[in-house]
>>> print(open('upload_4.cif').read())   # mmCIF, C-alpha atoms
data_protein
loop_
_atom_site.label_atom_id
_atom_site.label_comp_id
_atom_site.auth_asym_id
_atom_site.auth_seq_id
_atom_site.Cartn_x
_atom_site.Cartn_y
_atom_site.Cartn_z
CA ASP A 525 108.19 109.22 119.45
CA ILE A 526 109.63 106.55 121.74
CA GLN A 527 112.46 107.97 123.83
CA MET A 528 115.28 105.62 124.84
CA THR A 529 117.07 106.22 128.15
CA GLN A 530 120.22 104.14 128.42
CA SER A 531 122.39 103.77 131.52
CA PRO A 532 125.09 103.99 132.60
CA ALA A 533 126.80 106.28 130.10
CA SER A 534 130.08 104.53 130.80
CA LEU A 535 131.49 101.78 132.93
CA SER A 536 134.73 100.03 133.57
CA ALA A 537 134.93 96.29 134.12
CA SER A 538 137.61 93.71 134.84
CA LEU A 539 138.21 90.55 132.88
CA GLY A 540 135.80 87.80 133.89
CA GLU A 541 133.36 90.21 135.50
CA THR A 542 129.63 90.38 134.72
CA ILE A 543 127.97 93.69 133.87
CA SER A 544 124.53 94.94 132.92
CA ILE A 545 123.38 97.86 130.80
CA GLU A 546 119.86 99.20 131.12
CA CYS A 547 117.50 100.71 128.58
CA LEU A 548 114.23 102.38 129.54
CA THR A 549 111.69 103.30 126.90
CA SER A 550 109.10 106.06 127.15
CA GLY A 551 106.38 103.68 126.00
CA GLY A 552 105.87 99.95 125.76
CA ILE A 553 107.67 98.30 122.85
CA SER A 554 106.62 94.65 123.23
CA ASN A 555 110.19 93.33 123.21
CA TYR A 556 110.99 94.98 119.88
CA LEU A 557 114.38 95.87 121.30
CA ALA A 558 117.84 95.30 119.91
CA TRP A 559 121.34 95.70 121.30
CA TYR A 560 124.38 96.60 119.20
CA GLN A 561 128.10 96.75 119.89
CA GLN A 562 130.25 99.28 118.10
CA LYS A 563 134.03 99.40 118.08
CA PRO A 564 136.04 102.48 117.06
CA GLY A 565 135.92 103.14 113.33
CA LYS A 566 133.60 100.20 112.69
CA ALA A 567 129.94 99.71 111.93
CA PRO A 568 127.64 98.55 114.72
CA GLN A 569 127.15 94.82 115.15
CA LEU A 570 123.80 93.32 116.13
CA LEU A 571 124.03 91.32 119.36
CA ILE A 572 120.46 90.80 120.54
CA TYR A 573 117.09 91.28 118.84
CA GLY A 574 113.53 90.83 120.02
CA GLY A 575 114.65 91.70 123.52
CA ARG A 576 116.33 88.36 124.21
CA SER A 577 117.21 86.50 121.00
CA LEU A 578 120.92 86.05 120.36
CA GLN A 579 122.02 86.98 116.85
CA ASP A 580 123.87 84.22 114.97
CA GLY A 581 127.56 84.15 115.72
CA VAL A 582 127.35 86.22 118.91
CA PRO A 583 128.91 84.57 121.98
CA SER A 584 126.48 83.24 124.56
CA ARG A 585 128.15 85.51 127.13
CA PHE A 586 125.75 88.15 125.84
CA SER A 587 122.14 87.95 126.93
CA GLY A 588 119.12 90.20 126.85
CA SER A 589 116.08 90.43 129.05
CA GLY A 590 113.19 92.67 129.91
CA SER A 591 109.66 93.56 128.93
CA GLY A 592 107.36 96.51 128.62
CA THR A 593 109.50 99.58 129.06
CA GLN A 594 112.55 98.09 130.83
CA TYR A 595 115.27 96.10 129.12
CA SER A 596 118.81 95.07 129.91
CA LEU A 597 121.88 93.61 128.29
CA LYS A 598 124.08 91.36 130.40
CA ILE A 599 127.64 90.50 129.49
CA SER A 600 129.11 87.64 131.49
CA ASP A 601 132.77 86.71 131.80
CA ILE A 602 133.94 89.98 130.25
CA GLN A 603 136.68 89.57 127.63
CA PRO A 604 139.10 92.17 126.18
CA GLU A 605 137.24 92.18 122.86
CA ASP A 606 134.05 93.34 124.59
CA GLU A 607 135.41 96.87 124.87
CA GLY A 608 133.31 99.28 122.84
CA ILE A 609 130.08 101.25 122.86
CA TYR A 610 126.74 99.51 123.29
CA TYR A 611 123.46 100.88 121.97
CA CYS A 612 119.88 99.82 122.47
CA GLN A 613 117.32 100.44 119.70
CA GLN A 614 113.56 100.07 119.52
CA GLY A 615 112.03 98.53 116.42
CA TYR A 616 108.43 98.81 117.58
CA THR A 617 107.32 101.98 115.89
CA TYR A 618 108.55 104.72 113.59
CA PRO A 619 110.60 106.77 114.05
CA LEU A 620 113.05 104.06 115.03
CA THR A 621 115.18 105.33 117.88
CA PHE A 622 118.43 104.49 119.64
CA GLY A 623 119.69 104.92 123.14
CA SER A 624 122.58 107.31 123.69
CA GLY A 625 125.11 104.54 124.18
CA THR A 626 127.16 102.97 126.97
CA LYS A 627 130.94 103.00 126.71
CA LEU A 628 132.47 99.86 128.18
CA GLU A 629 136.14 99.99 129.15
CA ILE A 630 138.06 96.88 130.15
CA LYS A 631 140.46 97.44 133.02
CA GLU B 673 129.08 86.50 103.31
CA VAL B 674 126.62 89.38 103.01
CA GLN B 675 128.29 92.51 101.68
CA LEU B 676 127.09 96.10 101.69
CA VAL B 677 129.40 98.68 100.14
CA GLU B 678 128.57 102.37 100.30
CA SER B 679 129.90 105.05 98.00
CA GLY B 680 129.27 108.65 97.04
CA GLY B 681 130.28 110.49 100.18
CA GLY B 682 132.38 113.62 100.32
CA LEU B 683 132.45 117.32 101.07
CA VAL B 684 129.42 119.34 99.99
CA GLN B 685 128.31 122.90 100.60
CA PRO B 686 125.21 123.69 102.66
CA GLY B 687 122.07 123.74 100.55
CA ARG B 688 123.54 121.45 97.90
CA SER B 689 122.66 117.85 97.08
CA LEU B 690 124.45 114.52 97.25
CA THR B 691 123.50 110.95 96.43
CA LEU B 692 124.81 107.95 98.30
CA SER B 693 124.79 104.45 96.88
CA CYS B 694 125.03 101.02 98.42
CA ALA B 695 125.90 97.90 96.46
CA ALA B 696 124.54 94.70 98.01
CA SER B 697 125.74 91.17 97.34
CA GLU B 698 125.65 87.60 98.60
CA PHE B 699 121.98 87.66 99.59
CA THR B 700 118.63 87.92 97.83
CA PHE B 701 118.25 91.69 97.91
CA ILE B 702 114.61 91.79 96.86
CA HIS B 703 113.59 89.87 100.00
CA TYR B 704 114.78 92.48 102.47
CA TYR B 705 113.78 95.90 103.66
CA MET B 706 116.82 98.18 103.62
CA ALA B 707 117.76 101.30 105.55
CA TRP B 708 120.23 104.11 106.06
CA VAL B 709 121.51 104.93 109.54
CA ARG B 710 123.91 107.78 110.28
CA GLN B 711 126.33 108.77 113.00
CA ALA B 712 127.59 112.31 113.47
CA PRO B 713 131.23 112.58 114.57
CA LYS B 714 131.65 111.40 118.16
CA LYS B 715 127.87 111.04 118.48
CA GLY B 716 125.30 108.24 118.65
CA LEU B 717 123.34 106.46 115.98
CA GLU B 718 120.36 107.99 114.16
CA TRP B 719 117.98 106.14 111.83
CA VAL B 720 117.57 108.06 108.55
CA ALA B 721 115.35 106.08 106.19
CA THR B 722 113.81 102.67 105.47
CA ILE B 723 112.43 101.24 102.23
CA SER B 724 110.21 98.22 101.69
CA THR B 725 111.15 95.25 99.53
CA SER B 726 109.28 96.56 96.49
CA GLY B 727 110.32 100.15 97.06
CA THR B 728 106.74 101.37 97.26
CA THR B 729 106.83 102.23 100.95
CA THR B 730 109.36 104.48 102.61
CA TYR B 731 109.81 105.84 106.12
CA TYR B 732 111.75 108.85 107.42
CA PRO B 733 112.23 110.71 110.69
CA ASP B 734 111.14 114.34 110.80
CA SER B 735 114.78 115.49 110.67
CA VAL B 736 115.16 114.44 107.01
CA ARG B 737 111.62 114.02 105.68
CA GLY B 738 111.10 116.15 102.59
CA ARG B 739 114.85 116.52 102.01
CA PHE B 740 116.06 112.91 101.73
CA THR B 741 114.74 110.20 99.41
CA ILE B 742 115.56 106.52 99.74
CA SER B 743 115.19 104.30 96.68
CA ARG B 744 116.26 100.91 95.44
CA ASP B 745 116.95 99.06 92.21
CA ASN B 746 116.19 95.41 92.84
CA ALA B 747 117.51 94.38 89.43
CA LYS B 748 120.91 95.80 90.39
CA SER B 749 120.79 94.98 94.12
CA SER B 750 121.45 98.58 94.92
CA LEU B 751 120.17 101.12 97.41
CA SER B 752 120.39 104.91 97.14
CA LEU B 753 119.89 107.94 99.33
CA GLN B 754 119.28 111.24 97.58
CA MET B 755 120.04 114.08 99.98
CA ASN B 756 118.85 117.58 99.13
CA SER B 757 119.08 120.92 100.93
CA LEU B 758 121.93 119.60 103.03
CA LYS B 759 122.64 121.20 106.38
CA SER B 760 125.72 121.20 108.59
CA GLU B 761 123.88 118.89 110.99
CA ASP B 762 123.71 116.26 108.24
CA THR B 763 127.48 115.79 108.59
CA ALA B 764 127.91 112.15 109.55
CA THR B 765 129.01 108.71 108.55
CA TYR B 766 126.15 107.09 106.67
CA TYR B 767 125.64 103.35 106.92
CA CYS B 768 123.62 101.16 104.60
CA ALA B 769 121.96 98.38 106.59
CA ARG B 770 119.85 95.30 105.96
CA ARG B 771 116.74 94.85 108.04
CA HIS B 772 116.45 91.67 110.08
CA THR B 773 113.67 89.26 109.10
CA ARG B 774 112.36 89.31 112.67
CA GLY B 775 111.79 93.04 113.00
CA ALA B 776 113.03 96.57 112.43
CA PHE B 777 116.58 95.82 113.51
CA TRP B 778 119.67 95.68 111.30
CA ASP B 779 121.70 92.51 111.01
CA TYR B 780 124.23 93.58 108.38
CA TRP B 781 125.85 96.96 107.91
CA GLY B 782 128.17 98.48 105.37
CA GLN B 783 131.48 100.02 106.34
CA GLY B 784 130.00 103.51 106.16
CA VAL B 785 130.65 106.57 104.03
CA MET B 786 131.45 110.05 105.34
CA VAL B 787 129.43 113.08 104.33
CA THR B 788 130.70 116.51 105.37
CA VAL B 789 128.47 119.53 104.86
CA SER B 790 130.52 122.68 105.09
CA SER B 791 131.23 125.85 103.18
#
>>> encode(input="upload_4.cif", output="structure tokens")
Amino acid sequence: DIQMTQSPASLSASLGETISIECLTSGGISNYLAWYQQKPGKAPQLLIYGGRSLQDGVPSRFSGSGSGTQYSLKISDIQPEDEGIYYCQQGYTYPLTFGSGTKLEIK
Amino acid sequence: EVQLVESGGGLVQPGRSLTLSCAASEFTFIHYYMAWVRQAPKKGLEWVATISTSGTTTYYPDSVRGRFTISRDNAKSSLSLQMNSLKSEDTATYYCARRHTRGAFWDYWGQGVMVTVSS
């Protein structure tokens, strides 16, 4: 199974700041990596797929990068609505697996 | 707008069975793989099952294989999850999700349905 190591577990950011969240995989996943945002009591929302492709309707402040076993999500110009938990997920091989999540708090 | 609406959740005793349903609308259901993803209270996300467009191929993690069965009715645009031999660790919110055309990611999710396994 591909293990997903996501960091940090939590972070606090100010409005307008830029932050990054990292996801390390235990094996290569050829950019079959997605990022989701989840707000309390809501279903996850797809932000990025294929490592760097922006899902329709997602603000361009969100961007993904990486290759091999190292991937990252960058959020630029942080806005209040960006508060939530972010998960990475590999879609390369079964079983499909998620990272443990990063809780983003807006100061 | 794509809609996925789950139903069938509730409180069930350990060892018993429960079936979840998901009604899909506003997209061509037969063209998409579908999946169930769950989230235990205050925990992260866990993939539970995936089914191919025709329903002939299914995938499960070890944690539910042999106990859970995913199925679909393309004529009714509906997805199901039959859960047998339920355990306390199956307690979670279960989401129905549509697989993205570009890979095993999920671009639309239902609102989720809660399943509580407890005596």
>>> closest_residue(input="upload_4.cif", among="B:Ala721, B:Leu751, B:Ala712, B:Ala776", to="Tyr616 (chain A)", atoms="all atoms listed in the file")
B:Ala776
>>> residues_around(input="upload_4.cif", residues="Gly551 (chain A)", least_positions_apart="5", cutoff="8 Å", atoms="all atoms listed in the file", output="list of chain:residue names")
A:Ile526, A:Gln527, A:Gly592, A:Thr593
>>> write_last_selection(input="upload_4.cif", atoms="C-alpha atoms", output="PDB file, in the coordinates of the input")
ATOM      1  CA  ILE A 526     109.630 106.550 121.740  1.00  0.00           C
ATOM      2  CA  GLN A 527     112.460 107.970 123.830  1.00  0.00           C
ATOM      3  CA  GLY A 592     107.360  96.510 128.620  1.00  0.00           C
ATOM      4  CA  THR A 593     109.500  99.580 129.060  1.00  0.00           C
TER       5      THR A 593
END
>>> interface_residues(input="upload_4.cif", of="chain B", to="chain A", cutoff="8 Å", atoms="only C-alpha atoms", output="list in words")
Gly716, Leu717, Glu718, Trp719, Tyr731, Tyr732, Pro733, Tyr767, Arg774, Gly775, Ala776, Phe777, Trp778, Asp779, Tyr780, Trp781, Gly782, Gln783 and Gly784 of chain B
>>> write_last_selection(input="upload_4.cif", atoms="C-alpha atoms", output="short mmCIF file (atom, residue, chain, number, x, y, z; two decimals), in the frame of the given file")
data_model
loop_
_atom_site.label_atom_id
_atom_site.label_comp_id
_atom_site.auth_asym_id
_atom_site.auth_seq_id
_atom_site.Cartn_x
_atom_site.Cartn_y
_atom_site.Cartn_z
CA GLY B 716 125.30 108.24 118.65
CA LEU B 717 123.34 106.46 115.98
CA GLU B 718 120.36 107.99 114.16
CA TRP B 719 117.98 106.14 111.83
CA TYR B 731 109.81 105.84 106.12
CA TYR B 732 111.75 108.85 107.42
CA PRO B 733 112.23 110.71 110.69
CA TYR B 767 125.64 103.35 106.92
CA ARG B 774 112.36 89.31 112.67
CA GLY B 775 111.79 93.04 113.00
CA ALA B 776 113.03 96.57 112.43
CA PHE B 777 116.58 95.82 113.51
CA TRP B 778 119.67 95.68 111.30
CA ASP B 779 121.70 92.51 111.01
CA TYR B 780 124.23 93.58 108.38
CA TRP B 781 125.85 96.96 107.91
CA GLY B 782 128.17 98.48 105.37
CA GLN B 783 131.48 100.02 106.34
CA GLY B 784 130.00 103.51 106.16
#
>>> atom_distance(input="upload_4.cif", atom1="CA of Asp762 (chain B)", atom2="CA of Val789 (chain B)")
6.7 Å
>>> resolve_selection(input="upload_4.cif", expression="the PyMOL selection byres ((chain B and resi 673-683) around 9)", output="VMD selection string")
chain B and resid 684 to 685 690 to 699 751 765 to 770 780 to 791
>>> resolve_selection(input="upload_4.cif", expression="the PyMOL selection byres ((chain A and resi 628) around 10)", output="PyMOL selection string")
chain A and resi 532-537+543+545+561+606-610+625-627+629-631
